[in-house]
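A.B. asks: Sending over start_2.tsv (TSV, C-alpha atoms).
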```tsv
chain	number	residue	atom	x	y	z
A	16	MET	CA	-48.30	-21.56	46.61
A	17	SER	CA	-47.35	-18.29	45.16
A	18	SER	CA	-45.18	-17.41	42.29
A	19	GLU	CA	-43.80	-14.18	41.02
A	20	THR	CA	-43.81	-13.35	37.40
A	21	ILE	CA	-41.49	-10.61	36.36
A	22	SER	CA	-42.46	-9.74	32.88
A	23	HIS	CA	-40.08	-8.24	30.38
A	24	GLU	CA	-37.22	-8.54	32.77
A	25	THR	CA	-34.65	-8.56	30.06
A	26	ALA	CA	-36.71	-7.89	27.00
A	27	HIS	CA	-35.43	-4.36	26.73
A	28	THR	CA	-31.81	-3.80	27.32
A	29	ASP	CA	-29.84	-0.68	26.74
A	30	HIS	CA	-28.89	-0.26	23.16
A	31	ASP	CA	-25.18	-0.93	22.79
A	32	ASP	CA	-23.97	-1.49	19.26
A	33	HIS	CA	-20.47	-0.75	20.39
A	34	PRO	CA	-18.90	-3.16	22.86
A	35	ALA	CA	-17.30	-1.46	25.86
A	36	GLY	CA	-14.06	0.27	25.08
A	37	HIS	CA	-14.53	0.15	21.31
A	38	ALA	CA	-15.43	3.66	20.26
A	39	HIS	CA	-15.37	4.68	16.61
A	40	PRO	CA	-12.03	5.99	15.34
A	41	GLY	CA	-11.31	9.72	15.24
A	42	ASP	CA	-11.03	11.90	12.14
A	43	LYS	CA	-7.25	11.50	11.99
A	44	GLN	CA	-7.55	7.71	11.83
A	45	TYR	CA	-10.15	7.99	9.08
A	46	ILE	CA	-7.82	10.22	7.09
A	47	VAL	CA	-4.91	7.79	7.57
A	48	VAL	CA	-7.10	4.91	6.35
A	49	ALA	CA	-8.18	6.97	3.32
A	50	LEU	CA	-4.54	7.80	2.51
A	51	ILE	CA	-3.63	4.11	2.63
A	52	LEU	CA	-6.60	3.31	0.40
A	53	GLY	CA	-5.51	6.04	-2.02
A	54	LEU	CA	-1.97	4.65	-2.04
A	55	PHE	CA	-3.23	1.15	-2.79
A	56	THR	CA	-5.39	2.51	-5.60
A	57	GLY	CA	-2.29	4.22	-6.99
A	58	ILE	CA	-0.39	0.91	-6.96
A	59	GLU	CA	-3.33	-0.77	-8.69
A	60	VAL	CA	-3.31	1.85	-11.44
A	61	LEU	CA	0.46	1.43	-11.82
A	62	THR	CA	-0.13	-2.15	-12.98
A	63	TYR	CA	-1.72	-0.60	-16.07
A	64	PHE	CA	1.22	1.69	-16.86
A	65	LEU	CA	4.09	-0.58	-15.81
A	66	ASP	CA	4.73	-4.19	-16.71
A	67	PHE	CA	4.22	-6.29	-13.58
A	68	GLY	CA	4.36	-9.50	-15.61
A	69	SER	CA	2.75	-12.51	-13.99
A	70	ALA	CA	2.60	-10.69	-10.64
A	71	ALA	CA	0.03	-8.19	-11.94
A	72	ILE	CA	-3.15	-10.16	-11.37
A	73	PRO	CA	-2.20	-11.57	-7.92
A	74	THR	CA	-1.15	-8.04	-6.86
A	75	LEU	CA	-4.45	-6.60	-8.05
A	76	LEU	CA	-6.48	-9.29	-6.28
A	77	VAL	CA	-4.61	-8.87	-2.99
A	78	LEU	CA	-4.95	-5.07	-3.09
A	79	MET	CA	-8.65	-5.40	-3.92
A	80	VAL	CA	-9.26	-7.64	-0.91
A	81	VAL	CA	-7.20	-5.43	1.42
A	82	LYS	CA	-9.07	-2.28	0.29
A	83	PHE	CA	-12.43	-4.05	0.67
A	84	VAL	CA	-11.58	-5.23	4.19
A	85	MET	CA	-10.25	-1.82	5.25
A	86	VAL	CA	-13.42	-0.01	4.19
A	87	VAL	CA	-15.62	-2.61	5.87
A	88	LEU	CA	-13.64	-2.63	9.13
A	89	TYR	CA	-12.93	1.08	9.54
A	90	PHE	CA	-15.42	3.11	7.52
A	91	MET	CA	-18.33	0.72	8.12
A	92	HIS	CA	-17.15	0.25	11.72
A	93	LEU	CA	-17.39	-3.54	11.75
A	94	LYS	CA	-14.15	-3.63	13.74
A	95	PHE	CA	-15.80	-1.61	16.48
A	96	ASP	CA	-19.48	-2.54	16.32
A	97	SER	CA	-21.34	-5.55	17.66
A	98	PRO	CA	-20.13	-8.87	16.14
A	99	VAL	CA	-23.75	-9.53	15.11
A	100	PHE	CA	-23.37	-7.09	12.21
A	101	MET	CA	-20.14	-8.75	11.16
A	102	ARG	CA	-21.84	-12.17	11.17
A	103	LEU	CA	-24.76	-10.88	9.09
A	104	PHE	CA	-22.50	-9.37	6.45
A	105	ILE	CA	-20.07	-12.30	6.33
A	106	THR	CA	-23.03	-14.66	5.89
A	107	GLY	CA	-24.19	-12.70	2.85
A	108	LEU	CA	-20.68	-12.56	1.43
A	109	ILE	CA	-20.01	-16.27	1.89
A	110	LEU	CA	-23.42	-17.19	0.51
A	111	ALA	CA	-22.89	-15.03	-2.57
A	112	SER	CA	-19.34	-16.34	-3.09
A	113	LEU	CA	-20.44	-19.97	-2.81
A	114	VAL	CA	-23.51	-19.62	-5.01
A	115	TYR	CA	-21.62	-17.88	-7.81
A	116	ALA	CA	-18.51	-20.07	-7.53
A	117	ILE	CA	-20.82	-23.04	-8.10
A	118	MET	CA	-22.58	-21.22	-10.93
A	119	LEU	CA	-19.27	-20.35	-12.63
A	120	SER	CA	-18.12	-23.95	-12.20
A	121	ALA	CA	-21.33	-25.18	-13.81
A	122	PHE	CA	-20.54	-23.00	-16.83
A	123	GLU	CA	-16.94	-24.31	-16.88
A	124	PHE	CA	-15.59	-20.80	-16.31
A	125	TRP	CA	-12.41	-21.94	-14.57
A	126	SER	CA	-11.30	-24.10	-17.51
B	20	MET	CA	-55.43	-22.24	42.84
B	21	ALA	CA	-52.01	-20.76	42.40
B	22	GLU	CA	-51.70	-17.12	43.08
B	23	THR	CA	-49.69	-15.16	40.61
B	24	ALA	CA	-48.37	-11.75	41.48
B	25	THR	CA	-47.21	-9.75	38.58
B	26	ILE	CA	-44.73	-6.99	39.09
B	27	PRO	CA	-45.57	-4.43	36.49
B	28	VAL	CA	-42.77	-2.89	34.53
B	29	PRO	CA	-43.46	0.80	34.22
B	30	ALA	CA	-43.58	2.06	30.71
B	31	ALA	CA	-40.89	4.64	30.25
B	32	PRO	CA	-41.75	7.82	28.43
B	33	ALA	CA	-40.91	7.67	24.76
B	34	ALA	CA	-38.18	10.26	25.02
B	35	ALA	CA	-36.40	8.45	27.83
B	36	HIS	CA	-36.99	5.04	26.32
B	37	GLY	CA	-35.56	6.23	23.06
B	38	PRO	CA	-35.29	4.41	19.76
B	39	HIS	CA	-32.31	2.36	20.93
B	40	ARG	CA	-34.00	0.16	23.52
B	41	THR	CA	-34.77	-2.99	21.62
B	42	SER	CA	-35.30	-6.65	22.37
B	43	THR	CA	-31.89	-7.45	20.90
B	44	GLY	CA	-30.02	-4.59	22.50
B	45	LEU	CA	-29.02	-3.53	19.00
B	46	SER	CA	-30.51	-0.98	16.69
B	47	HIS	CA	-33.05	-2.77	14.54
B	48	ASN	CA	-32.67	-0.18	11.80
B	49	LYS	CA	-28.98	-0.97	11.63
B	50	ILE	CA	-29.64	-4.71	11.60
B	51	ALA	CA	-32.09	-4.15	8.74
B	52	MET	CA	-29.50	-2.21	6.75
B	53	TRP	CA	-26.86	-4.90	7.29
B	54	LEU	CA	-29.37	-7.55	6.20
B	55	PHE	CA	-30.13	-5.53	3.08
B	56	LEU	CA	-26.43	-5.14	2.32
B	57	ALA	CA	-25.88	-8.87	2.82
B	58	SER	CA	-28.66	-9.57	0.33
B	59	ASP	CA	-27.25	-6.96	-2.07
B	60	CYS	CA	-24.03	-9.04	-2.13
B	61	LEU	CA	-26.07	-11.67	-3.96
B	62	LEU	CA	-27.32	-9.15	-6.53
B	63	PHE	CA	-23.86	-7.87	-7.35
B	64	GLY	CA	-22.45	-11.40	-7.16
B	65	ALA	CA	-24.88	-12.37	-9.92
B	66	LEU	CA	-23.98	-9.38	-12.05
B	67	ILE	CA	-20.22	-9.78	-11.65
B	68	SER	CA	-20.42	-13.53	-12.37
B	69	THR	CA	-22.50	-12.87	-15.48
B	70	TYR	CA	-19.93	-10.33	-16.65
B	71	LEU	CA	-17.09	-12.81	-16.06
B	72	LEU	CA	-18.93	-15.40	-18.13
B	73	TYR	CA	-19.77	-13.17	-21.06
B	74	HIS	CA	-17.13	-10.46	-21.35
B	75	ASP	CA	-14.97	-12.42	-23.80
B	76	ARG	CA	-17.76	-13.95	-25.87
B	77	ILE	CA	-17.25	-11.57	-28.76
B	78	SER	CA	-15.94	-12.02	-32.27
B	79	GLN	CA	-12.61	-10.49	-33.27
B	80	LEU	CA	-14.37	-7.81	-35.27
B	81	GLN	CA	-16.52	-6.65	-32.37
B	82	LEU	CA	-15.66	-4.08	-29.73
B	83	GLY	CA	-14.39	-5.60	-26.50
B	84	PRO	CA	-13.06	-4.35	-23.17
B	85	LYS	CA	-9.54	-3.62	-24.45
B	86	GLU	CA	-10.84	-1.45	-27.28
B	87	VAL	CA	-13.15	0.75	-25.22
B	88	PHE	CA	-11.85	1.01	-21.66
B	89	ASP	CA	-10.10	4.23	-20.65
B	90	ILE	CA	-8.23	3.14	-17.51
B	91	PRO	CA	-6.77	6.57	-16.56
B	92	PHE	CA	-10.26	8.13	-16.69
B	93	THR	CA	-11.88	5.32	-14.69
B	94	SER	CA	-9.02	5.45	-12.17
B	95	VAL	CA	-9.84	9.08	-11.41
B	96	SER	CA	-13.56	8.20	-11.03
B	97	SER	CA	-12.63	5.35	-8.69
B	98	PHE	CA	-10.46	7.65	-6.59
B	99	VAL	CA	-13.30	10.18	-6.36
B	100	LEU	CA	-15.73	7.49	-5.09
B	101	LEU	CA	-13.13	6.19	-2.63
B	102	MET	CA	-12.62	9.65	-1.19
B	103	SER	CA	-16.39	10.10	-0.88
B	104	SER	CA	-16.26	7.28	1.69
B	105	LEU	CA	-13.84	9.41	3.72
B	106	THR	CA	-16.11	12.47	3.57
B	107	MET	CA	-19.05	10.27	4.57
B	108	VAL	CA	-17.37	9.09	7.78
B	109	LEU	CA	-16.25	12.65	8.48
B	110	ALA	CA	-19.90	13.74	8.18
B	111	LEU	CA	-20.94	11.08	10.68
B	112	SER	CA	-18.07	11.89	13.01
B	113	ALA	CA	-18.97	15.61	12.96
B	114	LEU	CA	-22.61	14.90	13.82
B	115	GLN	CA	-21.64	12.54	16.64
B	116	ARG	CA	-19.62	15.42	18.10
B	117	GLY	CA	-22.61	17.71	17.66
B	118	ASP	CA	-20.90	19.78	14.95
B	119	ILE	CA	-23.92	20.29	12.69
B	120	ARG	CA	-22.24	22.81	10.37
B	121	ARG	CA	-19.38	20.47	9.45
B	122	ASN	CA	-21.83	17.62	9.13
B	123	ARG	CA	-23.73	19.58	6.49
B	124	VAL	CA	-20.53	20.47	4.64
B	125	TRP	CA	-19.31	16.85	4.53
B	126	LEU	CA	-22.73	15.53	3.51
B	127	LEU	CA	-22.80	17.99	0.63
B	128	VAL	CA	-19.22	17.18	-0.39
B	129	THR	CA	-20.04	13.44	-0.32
B	130	ALA	CA	-23.10	13.99	-2.53
B	131	MET	CA	-21.03	16.11	-4.93
B	132	LEU	CA	-18.29	13.48	-5.16
B	133	GLY	CA	-20.97	10.87	-5.82
B	134	ALA	CA	-22.48	13.07	-8.53
B	135	THR	CA	-19.03	13.50	-10.08
B	136	PHE	CA	-18.66	9.71	-10.20
B	137	VAL	CA	-22.08	9.27	-11.81
B	138	GLY	CA	-21.30	12.07	-14.26
B	139	GLY	CA	-18.10	10.24	-15.18
B	140	GLN	CA	-20.08	7.07	-15.73
B	141	VAL	CA	-22.56	8.86	-17.99
B	142	TYR	CA	-19.64	10.30	-19.97
B	143	GLU	CA	-18.07	6.83	-20.22
B	144	PHE	CA	-21.31	5.23	-21.39
B	145	THR	CA	-21.85	7.98	-23.97
B	146	THR	CA	-18.29	7.60	-25.29
B	147	PHE	CA	-18.63	3.82	-25.56
B	148	TYR	CA	-21.95	4.21	-27.36
B	149	HIS	CA	-20.45	6.60	-29.90
B	150	GLU	CA	-17.57	4.18	-30.42
B	151	GLY	CA	-20.15	1.55	-31.38
B	152	LEU	CA	-20.78	-0.37	-28.16
B	153	GLY	CA	-24.51	-0.38	-27.49
B	154	TYR	CA	-26.45	-2.37	-24.91
B	155	THR	CA	-27.32	-5.04	-27.46
B	156	THR	CA	-24.17	-4.91	-29.60
B	157	ASN	CA	-22.72	-8.04	-28.01
B	158	LEU	CA	-22.71	-10.04	-24.77
B	159	PHE	CA	-19.84	-7.97	-23.38
B	160	GLY	CA	-21.84	-4.76	-23.88
B	161	SER	CA	-24.97	-6.19	-22.25
B	162	ALA	CA	-23.09	-7.58	-19.24
B	163	PHE	CA	-20.95	-4.46	-18.81
B	164	TYR	CA	-23.80	-1.94	-19.01
B	165	THR	CA	-26.00	-4.03	-16.72
B	166	LEU	CA	-23.32	-4.40	-14.04
B	167	THR	CA	-22.00	-0.84	-14.04
B	168	GLY	CA	-25.49	0.57	-14.67
B	169	PHE	CA	-26.89	-1.16	-11.58
B	170	HIS	CA	-23.98	0.20	-9.59
B	171	GLY	CA	-24.61	3.69	-10.97
B	172	VAL	CA	-28.27	3.43	-9.91
B	173	HIS	CA	-27.12	2.50	-6.40
B	174	VAL	CA	-24.84	5.56	-6.30
B	175	THR	CA	-27.67	7.77	-7.55
B	176	ILE	CA	-30.02	6.47	-4.84
B	177	GLY	CA	-27.25	7.18	-2.33
B	178	ILE	CA	-26.97	10.77	-3.57
B	179	VAL	CA	-30.74	11.21	-3.17
B	180	MET	CA	-30.51	9.92	0.41
B	181	LEU	CA	-27.57	12.21	1.17
B	182	MET	CA	-29.42	15.24	-0.16
B	183	SER	CA	-32.46	14.24	1.92
B	184	LEU	CA	-30.20	14.24	4.98
B	185	PHE	CA	-28.81	17.63	3.97
B	186	ILE	CA	-32.30	19.12	3.63
B	187	LYS	CA	-33.31	17.52	6.93
B	188	SER	CA	-30.30	19.15	8.53
B	189	LEU	CA	-31.16	22.56	7.05
B	190	ARG	CA	-34.62	22.22	8.61
B	191	GLY	CA	-33.00	21.53	11.96
B	192	ASN	CA	-34.14	17.92	12.16
B	193	LEU	CA	-30.72	16.30	12.03
B	194	THR	CA	-28.98	16.44	15.39
B	195	LYS	CA	-26.51	14.45	17.47
B	196	GLU	CA	-29.42	12.44	18.87
B	197	ASN	CA	-30.34	10.97	15.50
B	198	ALA	CA	-26.80	10.47	14.21
B	199	GLU	CA	-27.70	6.83	13.64
B	200	THR	CA	-29.68	7.86	10.55
B	201	VAL	CA	-26.48	9.23	9.04
B	202	GLU	CA	-24.59	6.12	10.10
B	203	ILE	CA	-27.11	3.83	8.37
B	204	ILE	CA	-27.07	5.81	5.14
B	205	GLY	CA	-23.28	5.86	5.48
B	206	LEU	CA	-23.28	2.05	5.58
B	207	TYR	CA	-25.14	2.02	2.27
B	208	TRP	CA	-22.70	4.53	0.80
B	209	HIS	CA	-19.63	2.56	1.88
B	210	PHE	CA	-21.18	-0.61	0.48
B	211	VAL	CA	-21.53	1.09	-2.90
B	212	ASP	CA	-17.85	2.00	-2.60
B	213	ILE	CA	-16.69	-1.55	-1.80
B	214	VAL	CA	-18.70	-2.90	-4.71
B	215	TRP	CA	-16.86	-0.45	-6.97
B	216	ILE	CA	-13.53	-1.60	-5.49
B	217	LEU	CA	-14.43	-5.08	-6.80
B	218	ILE	CA	-15.73	-3.84	-10.17
B	219	PHE	CA	-12.74	-1.58	-10.79
B	220	THR	CA	-10.31	-4.45	-10.25
B	221	ILE	CA	-12.24	-7.33	-11.81
B	222	VAL	CA	-13.82	-5.55	-14.77
B	223	TYR	CA	-11.24	-2.90	-15.64
B	224	LEU	CA	-7.75	-3.54	-14.25
B	225	ILE	CA	-7.49	-7.33	-14.54
B	226	GLN	CA	-8.88	-7.07	-18.05
B	227	ALA	CA	-6.21	-4.55	-18.95
B	228	ALA	CA	-3.43	-6.58	-17.29
B	229	SER	CA	-4.34	-9.90	-18.89
```
Have the structure of the file written as structure tokens, please.

C.D. replies:
Amino acid sequence: MSSETISHETAHTDHDDHPAGHAHPGDKQYIVVALILGLFTGIEVLTYFLDFGSAAIPTLLVLMVVKFVMVVLYFMHLKFDSPVFMRLFITGLILASLVYAIMLSAFEFWS
Amino acid sequence: MAETATIPVPAAPAAAHGPHRTSTGLSHNKIAMWLFLASDCLLFGALISTYLLYHDRISQLQLGPKEVFDIPFTSVSSFVLLMSSLTMVLALSALQRGDIRRNRVWLLVTAMLGATFVGGQVYEFTTFYHEGLGYTTNLFGSAFYTLTGFHGVHVTIGIVMLMSLFIKSLRGNLTKENAETVEIIGLYWHFVDIVWILIFTIVYLIQAAS
């Protein structure tokens, strides 16, 4: 009886952080994203100068999340890179959010 | 006795094999940076949570956020740091195209914008100190200086890394082939930016709006 052992058949694959057809954006797209981020920052700062009433804090929180996501997706390329990186980062974010939400609850922060 | 024939896999020369052939098919350096950033979320999560707990534990006579914060000034600093993220991706994009000259320019501009932000933070800290808010004045002071100070240290480390890249480029060691180095340092830089997006809203703007 004979058997063939092919060692390292798939151990080394071509490096491909970017799934097919998902190249990084061009300079123009980066500039557009930065302009949108600048605009959102301007709106955030307006909440200091103008009276947004009870809408101020929700507006600030939404803009904060949108800016955060835009930088992560476009500037950090998570929209275009391998989903493995996205999973790693989301895991850290969720872990941190859970741990500190529990910690703040333990200190009765929400009340 | 079983006969085993092994088909040897020829070892490719280092140059052809390149740094990108890994067991995962992904760049391990990039995975390491993402792991570090994921763990850094926990550090800043701790600092932001601590600030949230302690920022209002001050007596009426003591200096608090509303007395010391200068929102227009911090808004400009925030905008500067946000735009440094743009120049960072432009530096990476230039190197990926093989445009080394533009890469150097954008790296330098990013470092300068970062230095401007840190300079603004030093000015802010100095002003607060002269107004009477020291590190141990009250819980707000301790939590605020610790949170923003740690962020400032991150930005400073980022500037050092950017200048190292710039010097490497001047020596001719930063080319299109090792653009991943710039990408990885860029990830760190953008992370510092997103942390500031959180700090600017949670620490400064919501405080001012409430």

A.B. asks: Could you tell me which of B:Leu80, B:Val172, B:Ala228, B:Val214 comes closest to Glu59 in chain A if we count only C-alpha atoms?

C.D. replies: B:Ala228

A.B. asks: If you measure from CA of Leu45 in chain B to CA of Ser97 in chain A, what distance in Å do you get, rounded to one decimal?

C.D. replies: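 Between CA of Leu45 in chain B and CA of Ser97 in chain A the gap works out to 8.1 Å.
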
A.B. asks: Mind pulling up the distance from CA of Thr145 in chain B to CA of Phe92 in chain B?

C.D. replies: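 According to the coordinates, CA of Phe92 in chain B and CA of Thr145 in chain B are separated by 13.7 Å.
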
A.B. asks: As an exercise, work out the distance from CA of Gly205 in chain B to CA of Phe90 in chain A in Å and give it to one decimal place.

C.D. replies: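 Going from CA of Gly205 in chain B over to CA of Phe90 in chain A covers 8.6 Å.
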
A.B. asks: Nearest residue to chain B out of A:Gly57, A:Pro73, A:Gly68, A:Gly107, using all atoms listed in the file?

C.D. replies: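 The closest residue to chain B is A:Gly107.
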
A.B. asks: Can you pull out every residue within 9 Å of Gly53 in chain A, counting only C-alpha atoms, but drop anything in the same chain fewer than 4 positions away, and send it as a ChimeraX atom specification?

C.D. replies: /A:48-49,57-58 /B:98,101-102

A.B. asks: May I have the protein, DNA and RNA residues with any atom at most 6 Å from the point (-28.3, -6.1, 11.6), counting only C-alpha atoms, written as a PyMOL selection string?

C.D. replies: (chain A and resi 100) or (chain B and resi 49-51+53-54)

A.B. asks: Specify as a VMD selection string all residues of chain B found within 7 Å of chain A, counting only C-alpha atoms.

C.D. replies: chain B and resid 21 to 26 39 to 42 44 to 46 50 53 to 54 57 to 58 60 to 61 64 to 65 68 72 94 98 102 105 108 to 109 206 209 213 216 to 217 220 224 to 225 227 to 228

A.B. asks: So, with all atoms listed in the file as the atoms that count, which of B:Glu143, B:Asn122, B:Leu184, B:Ala130 lies closest to Ile90 in chain B?

C.D. replies: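 Closest to Ile90 in chain B, using all atoms listed in the file: B:Glu143.
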
A.B. asks: Quick one: everything within 8 Å of Ile203 in chain B, counting all atoms listed in the file, minus sequence neighbours fewer than 3 positions away in the same chain. Send it as a ChimeraX atom specification.

C.D. replies: /B:48-49,52,199-200,206-207

A.B. asks: At a cut-off of 12 Å, using all atoms listed in the file, what residues contact Leu152 in chain B? Leave out same-chain residues fewer than 5 positions from it and give the result as a PyMOL selection string.

C.D. replies: chain B and resi 77+81-84+86-88+143-147+157-164

A.B. asks: Can you tell me, as a PDB file with C-alpha atoms, keeping the file's coordinate frame, what residues are no more than 10 Å from Leu127 in chain B when counting only C-alpha atoms, ignoring any on the same chain fewer than 6 positions away?

C.D. replies:
```pdb
ATOM      1  CA  THR B 106     -16.110  12.470   3.570  1.00  0.00           C
ATOM      2  CA  MET B 107     -19.050  10.270   4.570  1.00  0.00           C
ATOM      3  CA  ALA B 110     -19.900  13.740   8.180  1.00  0.00           C
ATOM      4  CA  ARG B 121     -19.380  20.470   9.450  1.00  0.00           C
ATOM      5  CA  GLY B 133     -20.970  10.870  -5.820  1.00  0.00           C
ATOM      6  CA  ILE B 178     -26.970  10.770  -3.570  1.00  0.00           C
ATOM      7  CA  LEU B 181     -27.570  12.210   1.170  1.00  0.00           C
ATOM      8  CA  MET B 182     -29.420  15.240  -0.160  1.00  0.00           C
ATOM      9  CA  LEU B 184     -30.200  14.240   4.980  1.00  0.00           C
ATOM     10  CA  PHE B 185     -28.810  17.630   3.970  1.00  0.00           C
TER      11      PHE B 185
END
```

A.B. asks: Can you work out which one of B:Arg123, B:Thr156, B:Asp118, B:Leu100 has the shortest atom-to-atom distance to Arg76 in chain B, counting all atoms listed in the file?

C.D. replies: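 Among B:Arg123, B:Thr156, B:Asp118, B:Leu100, it is B:Thr156 that comes nearest to Arg76 in chain B.
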